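Note sheet for the following structure.
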Amino acid sequence: MNDVSDDVVVRNALGIHARPAAALAKRASEFESEIYITFMGNRVNAKSIMGLLTLGAARGSRLVASCKGPDAAEALAAVKEVFESGFGEA
Amino acid sequence: MDFSSLLVKRKKSIPVSRLLEHVTHDMDFEMLAGYQGTARPVYTWDVNRPGLALSGYLDYFANDRVQILGNTEIHFMERMTPAVLSSVVANMFSFEIPVFVLSRNLVPPPVFLNMCNRNGIPVLRTAMSTDEVISRIILFLSEEFAPETVLHGTAVDVYGVGCLIVGKPGIGKSESALELVERGHRLVADDLVELKRRREDYLYAQTNKVVRHHMEIRGLGIIDVRSVFGVGSVRNFKRMGLVVELEEWDDKANYDRTGLSGNHVEILGVRIPYLRIPVRPGRNIAIIIEVAALDQRLKEMGISSARQLDQEISLRNQYMEQ
């Protein structure tokens with residue numbers, strides 16, 4: 001079992017709203033590992049749209065993504081990619 | 001599901017302003033002095049009556065608690081000359097004190113109020129009796145300092161029994177909850193359940209304030225349960241009385257076939273009855289949860305279906321033996 005984590009930054013203008021949350025949850029669900037996002041003391045499951053929405057992460061927010069499981073490294077890379085791309089938004 | 005690895009949060013301190021904003025409605029506080037000190041931290045749920053400190057004995061002075069001033073303290077202050085009172089209070093103020101609370105609309109000596117103003121220590125006053133003030137403040141603070149956690153699952157009030165439905169993503173927690181709501185039960189929280197321990201043995205689930213009673217149903221997207229089903233279909237918090245874990249049907253697993261074992265799980269130190277329910281296409285989970293809730297109510301009334309049948313059969317067997 002691998003356990004990896006890294007910082008990610010919200011790049012898009014509107015922060016994590018419904019569409020970015022869905023994009024992230026969809027990508028996260030492709031992995032077997034448990035994936036959590038932590039922001040301001042709250043930790044939520046990255047596979048849960050509702051969980052991600054409650055974070056209230058605006059542009060510029062620095063969050064911690066942590067993955068645990070057999071494909072943790074790949075999952076973390078994928079999560080970082082989703083954040084870096086600004087969830088496909090400007 | 002492992003309930004012991006939940007991330008437990010517990011507040012270390014709350015500012016005095018929180019006491020004001022949340023108890024104001026039922027306590028009707030007015031602020032007499034120390035307006036600039038509302039950010040002062042309160043570290044503990046307990047309160048202190050500073051009678052001994054006022055008499056000059058400051059060993060073991062529980063200075064970090066909310067200080068309650070009732071008839072005794074105020075009349076004791078009034079008996080002192082302003083000079084003596086100010087030196088006594090100055091000694092008390094060498095300790096960090098979060099806030100003073102006066103009961104019965106008592107009027108403290110001006111010297112005392114002036115010193116509280118100078119030192120920025122808030123003085124709050126209410127018309128309630130001292131014991132009422134103490135019990136309400138302790139109740140409020142112990143809830144503020146209660147341990148809390150967030151769990152991935154769904155909470156529904158089924159026939160008055162708070163059911164916490166857990167299980168892997170995609171197993172059908174939300175769909176089961178939706179069917180329960182459709183059958184007239186009430187949704188507390190979906191996907192993200194905030195849990196809080198009240199007193200020693202009550203576990204409460206509550207709705208997240210941001211997403212409230214919205215649900216994500218795969219294939220439908222996000223729906224607002226309160227708008228779709230009406231205000232009677234939701235509630236904001238509910239004591240949890242049953243944990244139901246949904247899991248994929250496994251032919252080799254040992255499911256409870258009698259209901260005699262009575263399993264429990266511990267969440268935030270509270271023991272709650274626990275059921276594992278295997279899911280398979282064609283199995284109506286909502287109805288199973290409904291029956292589980294009803295059976296739980298019966299058990300709470302001292303009636304166990306499985307045990308009663310077992311006893312009857314044992315008796316009959318004994319009778320037949322002779």
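In the structure tokens, the first chain shown is A, the next is B, and so on; residue numbers restart at 1 for each chain, and ligands run from 1 in the order shown.
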
With the cut-off set at 10 Å and counting only C-alpha atoms, tabulate each residue of chain A with an atom at most that distance from an atom of chain B, showing the nearest atom pair and its distance in Å to one decimal, ordered by chain and increasing number, as JSON lines.
{"residue": "A:Ala18", "atom": "CA", "partner": "B:Ile222", "partner_atom": "CA", "distance": 8.9}
{"residue": "A:Ala22", "atom": "CA", "partner": "B:Gly221", "partner_atom": "CA", "distance": 9.5}
{"residue": "A:Ser29", "atom": "CA", "partner": "B:Pro169", "partner_atom": "CA", "distance": 8.7}
{"residue": "A:Gly41", "atom": "CA", "partner": "B:Lys9", "partner_atom": "CA", "distance": 8.6}
{"residue": "A:Asn42", "atom": "CA", "partner": "B:Val150", "partner_atom": "CA", "distance": 8.5}
{"residue": "A:Arg43", "atom": "CA", "partner": "B:Leu7", "partner_atom": "CA", "distance": 7.9}
{"residue": "A:Val44", "atom": "CA", "partner": "B:Val150", "partner_atom": "CA", "distance": 8.1}
{"residue": "A:Asn45", "atom": "CA", "partner": "B:His152", "partner_atom": "CA", "distance": 7.5}
{"residue": "A:Lys47", "atom": "CA", "partner": "B:Pro169", "partner_atom": "CA", "distance": 7.8}
{"residue": "A:Ser48", "atom": "CA", "partner": "B:Asp191", "partner_atom": "CA", "distance": 7.1}
{"residue": "A:Ile49", "atom": "CA", "partner": "B:Glu216", "partner_atom": "CA", "distance": 7.5}
{"residue": "A:Met50", "atom": "CA", "partner": "B:Asp191", "partner_atom": "CA", "distance": 6.5}
{"residue": "A:Gly51", "atom": "CA", "partner": "B:Leu192", "partner_atom": "CA", "distance": 5.9}
{"residue": "A:Leu52", "atom": "CA", "partner": "B:Leu192", "partner_atom": "CA", "distance": 9.7}
{"residue": "A:Leu53", "atom": "CA", "partner": "B:Val211", "partner_atom": "CA", "distance": 7.1}
{"residue": "A:Thr54", "atom": "CA", "partner": "B:Val210", "partner_atom": "CA", "distance": 5.6}
{"residue": "A:Leu55", "atom": "CA", "partner": "B:Val210", "partner_atom": "CA", "distance": 8.7}
{"residue": "A:Gly56", "atom": "CA", "partner": "B:Val210", "partner_atom": "CA", "distance": 8.4}

Taking 6 positions as the minimum chain separation for residues in the same chain, which residues sit within 10 Å of Ser4 (chain B) when counting only C-alpha atoms? Answer as a PDB file with N, CA and C atoms, in the first residue's frame.
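Result file is selection.pdb:
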ATOM      1  N   VAL B 265     -21.092  -1.041  16.317  1.00  0.00           N
ATOM      2  CA  VAL B 265     -19.852  -0.354  15.951  1.00  0.00           C
ATOM      3  C   VAL B 265     -19.713   0.841  16.890  1.00  0.00           C
ATOM      4  N   GLU B 266     -18.480   1.339  16.964  1.00  0.00           N
ATOM      5  CA  GLU B 266     -18.244   2.505  17.796  1.00  0.00           C
ATOM      6  C   GLU B 266     -17.853   3.670  16.902  1.00  0.00           C
ATOM      7  N   ILE B 267     -18.622   4.768  16.996  1.00  0.00           N
ATOM      8  CA  ILE B 267     -18.291   5.969  16.232  1.00  0.00           C
ATOM      9  C   ILE B 267     -18.172   7.120  17.217  1.00  0.00           C
ATOM     10  N   LEU B 268     -17.025   7.780  17.225  1.00  0.00           N
ATOM     11  CA  LEU B 268     -16.728   8.858  18.185  1.00  0.00           C
ATOM     12  C   LEU B 268     -16.970   8.367  19.625  1.00  0.00           C
ATOM     13  N   GLY B 269     -16.729   7.087  19.847  1.00  0.00           N
ATOM     14  CA  GLY B 269     -16.868   6.542  21.194  1.00  0.00           C
ATOM     15  C   GLY B 269     -18.297   6.174  21.565  1.00  0.00           C
TER      16      GLY B 269
END

ask   = as JSON, numbers by chain, which residues of region 9-90 of chain A does DSSP assign to helix (DSSP H, G or I)?
value = {"A": [18, 19, 20, 21, 22, 23, 24, 25, 26, 27, 28, 49, 50, 51, 52, 53, 54, 72, 73, 74, 75, 76, 77, 78, 79, 80, 81, 82, 83, 84, 86, 87, 88]}

task = May I have the residues within 8 Å of Phe39 (chain A) as a ChimeraX atom specification, using only C-alpha atoms and disregarding those fewer than 6 positions away in the same chain?
result = /A:55,57,62-64

task = Excluding Lys173 (chain B) and any residue of its chain fewer than 4 positions from it, enumerate the residues within 10 Å of it, using only C-alpha atoms, and give them as a list in words.
result = His152, Gly153, Thr154, Ala155, Leu164, Ile165, Val166, Gly167, Lys168, Pro169, Ala177, Leu178, Asp190, Asp191, Ile217, Val244, Glu245, Leu246, Ile285 and Ala286 of chain B

Do a neighbour search on region 258-264 of chain B at 6 Å with only C-alpha atoms, toss out local chain neighbours closer than 5 positions, and write the hits as a compact mmCIF listing (two decimals) with C-alpha atoms, in the first residue's frame.
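The result, written out as result.txt:
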# COMPACT_ATOMS: atom_id res chain seq x y z
CA ILE B 272 -24.46 1.91 17.84
CA PRO B 273 -26.25 -1.22 16.56
CA TYR B 274 -24.76 -2.33 13.26
CA ALA B 306 -35.33 -13.46 16.81

request  = Could you tell me how far CA of Asp7 (chain A) lies from CA of Ala77 (chain A), in Å and to one decimal?
outcome  =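 Rounded to one decimal, the two atoms are 11.3 Å apart.
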